[in-house]
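Okay, data_35.csv is below, CSV, C-alpha atoms and all ligand atoms:
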chain,number,residue,atom,x,y,z
D,1,MET,CA,25.9,-9.4,3.4
D,2,ASN,CA,22.9,-10.7,1.5
D,3,THR,CA,20.1,-8.3,1.9
D,4,LYS,CA,17.8,-10.7,0.1
D,5,ALA,CA,17.3,-12.3,3.5
D,6,LEU,CA,15.1,-9.3,4.2
D,7,HIS,CA,12.7,-10.5,1.5
D,8,LYS,CA,12.1,-13.6,3.6
D,9,ILE,CA,10.3,-11.5,6.2
D,10,SER,CA,6.6,-11.7,5.6
D,11,TYR,CA,4.2,-8.7,5.7
D,12,SER,CA,0.7,-7.7,4.9
D,13,LEU,CA,-0.7,-4.5,3.5
D,14,TYR,CA,-2.6,-2.0,5.6
D,15,VAL,CA,-4.1,1.4,5.2
D,16,ILE,CA,-2.9,3.6,8.0
D,17,SER,CA,-5.1,6.6,8.6
D,18,SER,CA,-5.0,9.7,10.8
D,19,LYS,CA,-6.1,13.3,10.8
D,20,LYS,CA,-4.5,16.7,10.9
D,21,GLY,CA,-7.1,19.2,12.2
D,22,ALA,CA,-10.2,18.4,10.1
D,23,ARG,CA,-8.0,16.9,7.3
D,24,LEU,CA,-8.4,13.1,7.0
D,25,ASN,CA,-5.6,11.2,5.4
D,26,GLY,CA,-4.5,7.6,4.8
D,27,GLN,CA,-1.6,5.7,3.3
D,28,ILE,CA,-0.5,2.1,2.6
D,29,ALA,CA,2.1,0.5,5.0
D,30,ASN,CA,3.3,-3.0,5.3
D,31,THR,CA,5.1,-2.6,8.6
D,32,VAL,CA,2.5,-3.1,11.3
D,33,LEU,CA,3.0,-5.4,14.2
D,34,GLN,CA,1.4,-6.2,17.5
D,35,THR,CA,4.0,-5.2,20.2
D,36,THR,CA,2.2,-6.4,23.4
D,37,SER,CA,-1.1,-8.0,24.3
D,38,GLU,CA,-1.7,-6.7,27.8
D,39,PRO,CA,-2.6,-3.9,27.1
D,40,PRO,CA,-2.9,-4.5,23.3
D,41,THR,CA,-0.4,-2.2,21.6
D,42,ILE,CA,0.7,-2.0,17.9
D,43,ALA,CA,3.6,-0.4,16.1
D,44,VAL,CA,3.8,1.1,12.6
D,45,SER,CA,6.7,2.5,10.6
D,46,ILE,CA,5.9,5.6,8.7
D,47,ASN,CA,8.1,7.6,6.3
D,48,LYS,CA,8.8,11.1,7.6
D,49,LYS,CA,8.0,12.6,4.2
D,50,ASN,CA,4.4,11.4,4.3
D,51,LEU,CA,1.4,13.5,5.3
D,52,THR,CA,0.3,10.6,7.6
D,53,HIS,CA,3.5,11.2,9.6
D,54,GLU,CA,2.6,14.8,10.3
D,55,SER,CA,-1.0,13.8,11.0
D,56,ILE,CA,-0.1,11.1,13.6
D,57,ARG,CA,2.4,13.5,15.2
D,58,GLU,CA,-0.3,16.2,15.6
D,59,SER,CA,-3.4,14.2,16.5
D,60,GLU,CA,-1.6,11.3,18.3
D,61,VAL,CA,-4.2,8.9,17.0
D,62,PHE,CA,-4.2,6.5,14.0
D,63,SER,CA,-6.1,3.6,12.6
D,64,VAL,CA,-5.0,0.4,10.8
D,65,SER,CA,-7.5,-0.9,8.2
D,66,ILE,CA,-6.8,-4.4,7.1
D,67,PRO,CA,-7.7,-5.1,3.4
D,68,SER,CA,-8.9,-8.5,2.2
D,69,LYS,CA,-7.0,-10.8,-0.2
D,70,GLU,CA,-9.5,-9.8,-2.9
D,71,THR,CA,-8.7,-6.1,-2.7
D,72,PRO,CA,-8.2,-4.6,-6.2
D,73,LEU,CA,-4.8,-2.9,-7.0
D,74,LYS,CA,-6.8,0.3,-7.3
D,75,LEU,CA,-7.2,0.7,-3.6
D,76,ARG,CA,-3.5,0.2,-3.2
D,77,GLY,CA,-2.8,2.8,-5.8
D,78,HIS,CA,-5.3,5.3,-4.3
D,79,PHE,CA,-3.7,5.2,-0.9
D,80,GLY,CA,-0.2,4.2,-1.9
D,81,PHE,CA,0.8,6.3,-4.9
D,82,ARG,CA,-0.9,9.6,-4.3
D,83,CYS,CA,-0.1,12.3,-1.8
D,84,GLY,CA,-2.7,13.4,0.6
D,85,ARG,CA,-1.4,17.0,0.2
D,86,ASP,CA,-2.7,17.0,-3.4
D,87,ILE,CA,-6.0,15.1,-3.1
D,88,ASP,CA,-8.6,14.2,-0.4
D,89,LYS,CA,-8.0,10.5,-0.3
D,90,PHE,CA,-11.3,9.9,1.5
D,91,LYS,CA,-13.5,11.9,-1.0
D,92,ASP,CA,-14.8,8.8,-2.9
D,93,ILE,CA,-14.0,6.1,-0.4
D,94,ASN,CA,-16.5,4.3,1.8
D,95,TYR,CA,-15.3,4.9,5.4
D,96,ARG,CA,-16.4,5.7,8.9
D,97,VAL,CA,-15.0,7.8,11.6
D,98,GLY,CA,-13.7,6.0,14.7
D,99,THR,CA,-14.1,7.0,18.4
D,100,SER,CA,-10.9,9.0,18.2
D,101,GLY,CA,-12.0,10.9,15.1
D,102,VAL,CA,-9.7,9.0,12.7
D,103,PRO,CA,-11.1,7.5,9.5
D,104,ILE,CA,-11.5,3.8,9.1
D,105,VAL,CA,-11.6,2.4,5.5
D,106,LEU,CA,-14.5,0.1,4.9
D,107,GLU,CA,-14.0,-0.8,1.2
D,108,ASN,CA,-12.5,-4.3,0.8
D,109,VAL,CA,-11.5,-4.2,4.5
D,110,ILE,CA,-11.9,-7.2,6.8
D,111,GLY,CA,-11.1,-5.5,10.1
D,112,TYR,CA,-9.5,-2.5,11.8
D,113,LEU,CA,-7.6,-1.3,14.8
D,114,GLU,CA,-7.7,2.2,16.2
D,115,ALA,CA,-4.9,3.3,18.5
D,116,GLU,CA,-3.7,6.2,20.7
D,117,LEU,CA,-0.1,7.1,20.4
D,118,ILE,CA,1.9,6.2,23.5
D,119,ASP,CA,5.5,6.4,22.2
D,120,SER,CA,7.6,6.8,19.0
D,121,LEU,CA,11.1,5.9,17.9
D,122,ASP,CA,13.1,7.9,15.4
D,123,VAL,CA,14.7,5.4,13.0
D,124,GLY,CA,16.2,7.8,10.4
D,125,THR,CA,14.0,8.0,7.3
D,126,HIS,CA,11.0,6.6,9.2
D,127,THR,CA,9.4,6.9,12.6
D,128,VAL,CA,8.0,3.9,14.4
D,129,PHE,CA,4.8,4.9,16.1
D,130,ILE,CA,3.6,2.8,19.0
D,131,GLY,CA,-0.1,3.0,19.9
D,132,LYS,CA,-2.4,1.5,22.5
D,133,VAL,CA,-5.4,-0.1,20.8
D,134,ILE,CA,-8.6,1.7,21.9
D,135,SER,CA,-11.0,0.0,19.5
D,136,ALA,CA,-11.0,-2.9,17.1
D,137,GLU,CA,-13.5,-4.8,15.0
D,138,ILE,CA,-13.8,-7.6,12.5
D,139,ILE,CA,-15.9,-6.4,9.6
D,140,GLU,CA,-15.8,-9.6,7.4
D,141,ASP,CA,-14.3,-12.9,8.2
D,142,LYS,CA,-11.9,-13.2,5.2
D,143,GLU,CA,-8.2,-13.6,4.6
D,144,PRO,CA,-6.0,-10.5,4.7
D,145,ILE,CA,-3.8,-9.7,1.7
D,146,THR,CA,-0.2,-10.5,2.3
D,147,TYR,CA,2.6,-8.5,0.8
D,148,ALA,CA,3.9,-11.6,-1.0
D,149,TYR,CA,0.5,-12.2,-2.6
D,150,TYR,CA,0.3,-8.6,-3.7
D,151,ARG,CA,3.7,-8.7,-5.3
D,152,ASN,CA,3.5,-12.2,-6.9
D,153,ILE,CA,-0.1,-12.7,-7.9
D,154,LYS,CA,-1.2,-9.1,-8.4
D,155,GLY,CA,2.1,-7.8,-9.8
D,156,GLY,CA,2.2,-4.9,-7.4
D,157,LYS,CA,5.2,-2.8,-6.4
D,158,ALA,CA,6.3,-0.9,-3.4
D,159,PRO,CA,6.3,2.9,-3.6
D,160,LYS,CA,9.7,4.6,-3.2
D,161,THR,CA,8.9,5.8,0.3
D,162,ALA,CA,8.2,2.2,1.6
D,163,PRO,CA,10.8,0.8,4.0
D,164,THR,CA,11.0,-2.3,1.8
D,165,TYR,CA,11.5,-0.5,-1.5
D,166,ASN,CA,14.5,-1.7,-3.5
D,167,GLU,CA,14.9,-0.1,-7.0
D,168,ARG,CA,17.5,-2.6,-8.3
D,169,ASP,CA,15.3,-5.6,-7.4
D,170,ASN,CA,12.3,-4.0,-9.1
D,171,LYS,CA,14.2,-3.4,-12.3
D,172,LYS,CA,15.8,-6.8,-12.4
D,173,GLU,CA,12.4,-8.5,-11.8
D,174,ALA,CA,11.0,-6.4,-14.6
D,175,ARG,CA,13.6,-7.3,-17.2
D,176,LYS,CA,11.5,-10.0,-18.9
D,177,MET,CA,10.0,-10.2,-22.4
D,178,GLY,CA,6.7,-8.7,-23.2
D,179,LYS,CA,6.2,-6.9,-20.0
D,180,TYR,CA,5.6,-3.2,-19.7
D,181,VAL,CA,6.4,-1.0,-16.7
D,182,CYS,CA,4.5,2.0,-15.5
D,183,ILE,CA,7.0,4.8,-15.2
D,184,VAL,CA,4.8,6.6,-12.7
D,185,CYS,CA,4.5,3.8,-10.1
D,186,GLY,CA,6.6,0.9,-11.2
D,187,TYR,CA,3.6,-1.5,-11.7
D,188,VAL,CA,4.5,-4.1,-14.3
D,189,TYR,CA,1.9,-5.3,-16.8
D,190,ASP,CA,2.5,-9.0,-17.4
D,191,PRO,CA,0.6,-10.4,-20.4
D,192,GLU,CA,0.7,-13.9,-18.8
D,193,LYS,CA,-1.4,-12.5,-15.9
D,194,GLY,CA,-3.4,-9.9,-17.6
D,195,ASP,CA,-5.2,-7.4,-15.3
D,196,PRO,CA,-8.1,-9.3,-13.6
D,197,ASP,CA,-9.1,-6.3,-11.6
D,198,SER,CA,-10.0,-4.5,-14.8
D,199,GLY,CA,-11.4,-7.5,-16.6
D,200,VAL,CA,-8.3,-8.1,-18.8
D,201,GLN,CA,-7.9,-11.8,-19.5
D,202,PRO,CA,-4.5,-13.6,-19.0
D,203,GLY,CA,-2.8,-13.8,-22.4
D,204,THR,CA,-3.6,-10.2,-23.5
D,205,THR,CA,-0.5,-8.5,-24.8
D,206,PHE,CA,0.1,-4.9,-23.9
D,207,ASP,CA,-0.8,-3.8,-27.5
D,208,GLN,CA,-4.1,-5.6,-27.2
D,209,LEU,CA,-5.1,-3.6,-24.2
D,210,PRO,CA,-7.9,-1.1,-24.9
D,211,GLU,CA,-6.7,2.5,-25.3
D,212,ALA,CA,-8.8,3.5,-22.3
D,213,TRP,CA,-7.0,1.0,-20.1
D,214,VAL,CA,-5.1,2.7,-17.2
D,215,CYS,CA,-2.5,1.5,-14.7
D,216,PRO,CA,-4.5,-0.5,-12.1
D,217,VAL,CA,-2.3,0.9,-9.4
D,218,CYS,CA,-1.9,4.6,-10.1
D,219,GLY,CA,-4.3,5.4,-12.9
D,220,ALA,CA,-1.6,6.4,-15.5
D,221,ASP,CA,-2.6,5.9,-19.1
D,222,LYS,CA,-0.9,3.5,-21.6
D,223,GLY,CA,1.4,6.3,-22.8
D,224,GLN,CA,3.1,6.2,-19.4
D,225,PHE,CA,4.3,2.6,-19.9
D,226,GLU,CA,7.5,1.5,-21.4
D,227,LEU,CA,8.6,-1.9,-22.7
D,228,VAL,CA,10.8,-3.7,-20.2
D,229,LYS,CA,14.0,-4.6,-22.2
D,230,GLU,CA,16.1,-7.7,-21.5
D,231,ASP,CA,19.9,-7.3,-21.0
B,1,FE,FE,1.2,3.1,-12.4
Step by step, read the file and then write its structure as structure tokens.
Ligand code: FE
Amino acid sequence: MNTKALHKISYSLYVISSKKGARLNGQIANTVLQTTSEPPTIAVSINKKNLTHESIRESEVFSVSIPSKETPLKLRGHFGFRCGRDIDKFKDINYRVGTSGVPIVLENVIGYLEAELIDSLDVGTHTVFIGKVISAEIIEDKEPITYAYYRNIKGGKAPKTAPTYNERDNKKEARKMGKYVCIVCGYVYDPEKGDPDSGVQPGTTFDQLPEAWVCPVCGADKGQFELVKED
């Protein structure tokens, strides 16, 4: 069996938000799909360990915010690599509250869907939540960010709780000269690409990065990076 065939499935990146009591929370997910059109329903696969999972179970409502292609890695890091149990993810984020009371991210977002839970399926590590769309809007007519674009152009990585996470592939991909990997989130700094979100030009080596530079995904400092060694 060649599980690499799974990598040929295309995805986008989304912020899935919900609420638990008064607590708002959101996380990144790439597994969102439309399941029917009449009525419009959507499905999303959420890791059982995540706070968003508890929130959707309790409130039975969730939203899907769709980031643009220009979205900085920072937004991904904010929602993808931090736990809503430790921080209020909406504290410094531009958002609005939808008709069901769930938050909708407005920063770098081109549209959103808000859904009421109608069913769920236990798939082991994750639950697939199915929701009926109760509101939807286009905020900006731009292209969404695809998972392939995020990985290849932006150098982003999947967190360990993502359904598509594969540690061996991440390490193999990273074993190239001159690259440094963030030991917190797995982001790989590639000198050939630089870090355009933070104004770092392509061709800047890791040593040339300013001391104040931090991981664009999770915010870890330079001390949390190690050189990726070749075999
Ligand atoms: Fe990081």
Considering only C-alpha atoms and all ligand atoms, state which residue in the set D:Gly203, D:Gly156, D:Pro163, D:Gly124 is at the smallest distance from ligand FE 1 (chain B).
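When distances to ligand FE 1 (chain B) are compared using only C-alpha atoms and all ligand atoms, the smallest one comes from D:Gly156.
For range 130-136 of chain D, the residues within 9 Å (counting all atoms listed in the file, excluding itself and residues fewer than 5 positions away along the chain) are Thr35, Pro39, Pro40, Thr41, Ile42, Ala43, Val44, Ser45, Glu60, Val61, Phe62, Gly98, Thr99, Ser100, Gly111, Tyr112, Leu113, Glu114, Ala115, Glu116, Leu117, Ile118, Asp119, Ser120 and Leu121 of chain D.
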At most 12 Å from ligand FE 1 (chain B) (all atoms listed in the file): residue list as a short mmCIF file (atom, residue, chain, number, x, y, z; two decimals) with C-alpha atoms, keeping the file's coordinate frame:
data_model
loop_
_atom_site.label_atom_id
_atom_site.label_comp_id
_atom_site.auth_asym_id
_atom_site.auth_seq_id
_atom_site.Cartn_x
_atom_site.Cartn_y
_atom_site.Cartn_z
CA LEU D 73 -4.80 -2.90 -7.00
CA LYS D 74 -6.80 0.30 -7.30
CA ARG D 76 -3.50 0.20 -3.20
CA GLY D 77 -2.80 2.80 -5.80
CA HIS D 78 -5.30 5.30 -4.30
CA GLY D 80 -0.20 4.20 -1.90
CA PHE D 81 0.80 6.30 -4.90
CA ARG D 82 -0.90 9.60 -4.30
CA GLY D 155 2.10 -7.80 -9.80
CA GLY D 156 2.20 -4.90 -7.40
CA LYS D 157 5.20 -2.80 -6.40
CA ALA D 158 6.30 -0.90 -3.40
CA PRO D 159 6.30 2.90 -3.60
CA TYR D 180 5.60 -3.20 -19.70
CA VAL D 181 6.40 -1.00 -16.70
CA CYS D 182 4.50 2.00 -15.50
CA ILE D 183 7.00 4.80 -15.20
CA VAL D 184 4.80 6.60 -12.70
CA CYS D 185 4.50 3.80 -10.10
CA GLY D 186 6.60 0.90 -11.20
CA TYR D 187 3.60 -1.50 -11.70
CA VAL D 188 4.50 -4.10 -14.30
CA TYR D 189 1.90 -5.30 -16.80
CA TRP D 213 -7.00 1.00 -20.10
CA VAL D 214 -5.10 2.70 -17.20
CA CYS D 215 -2.50 1.50 -14.70
CA PRO D 216 -4.50 -0.50 -12.10
CA VAL D 217 -2.30 0.90 -9.40
CA CYS D 218 -1.90 4.60 -10.10
CA GLY D 219 -4.30 5.40 -12.90
CA ALA D 220 -1.60 6.40 -15.50
CA ASP D 221 -2.60 5.90 -19.10
CA LYS D 222 -0.90 3.50 -21.60
CA GLY D 223 1.40 6.30 -22.80
CA GLN D 224 3.10 6.20 -19.40
CA PHE D 225 4.30 2.60 -19.90
CA GLU D 226 7.50 1.50 -21.40
#
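Atom pair CA of Asp92 in chain D / CA of Tyr149 in chain D: separated by 26.0 Å.
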Select from range 62-112 of chain D every residue with an atom at most 8 Å from any atom of range 137-148 of chain D, then for each give the shortest pair of atoms and their distance in Å to one decimal, using all atoms listed in the file, rows by chain and rising number, as CSV.
residue,atom,partner,partner_atom,distance
D:Ile66,CA,D:Pro144,CA,6.6
D:Pro67,CA,D:Pro144,CA,5.8
D:Ser68,CA,D:Pro144,CA,4.3
D:Lys69,CA,D:Ile145,CA,3.9
D:Glu70,CA,D:Ile145,CA,7.3
D:Thr71,CA,D:Ile145,CA,7.5
D:Val109,CA,D:Ile139,CA,7.1
D:Ile110,CA,D:Glu140,CA,4.6
D:Gly111,CA,D:Ile138,CA,4.2
D:Tyr112,CA,D:Glu137,CA,5.6
For Tyr95 in chain D, work out the shell of residues within 12 Å, counting all atoms listed in the file and skipping chain neighbours fewer than 6 positions away, then give it as a ChimeraX atom specification.
/D:15,17,24-26,63,65,89,101-109,112
What separation in Å, quoted to one decimal, exists between CA of Val128 in chain D and CA of Lys91 in chain D?
27.6 Å
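Distance-wise, CA of Lys20 in chain D and CA of Ile93 in chain D end up 18.2 Å apart.
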Using all atoms listed in the file for the distances, tell me which of D:Leu75, D:Ile46, D:Gly84, D:Asn166 is nearest to Lys4 in chain D.
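Using all atoms listed in the file, Lys4 in chain D sits closest to D:Asn166.
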Taking into account only C-alpha atoms, which residue in the set D:Thr204, D:Asn94, D:Asn2, D:Thr125 is nearest to Asn50 in chain D?
D:Thr125
Which residue, D:Thr3, D:Gln208, D:Ser10, D:Thr161, has the smallest gap to His126 in chain D when you use all atoms listed in the file?
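Closest to His126 in chain D of all the choices is D:Thr161.
Among the candidate residues D:Asn47, D:Thr127, D:Ala162, D:Ser198, the one lying nearest to Asn30 in chain D is D:Ala162, with distances computed using all atoms listed in the file.
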Closest of D:Ala22, D:Leu51, D:Glu192, D:Thr164 to Ala5 in chain D - atom-to-atom distances counting all atoms listed in the file:
D:Thr164
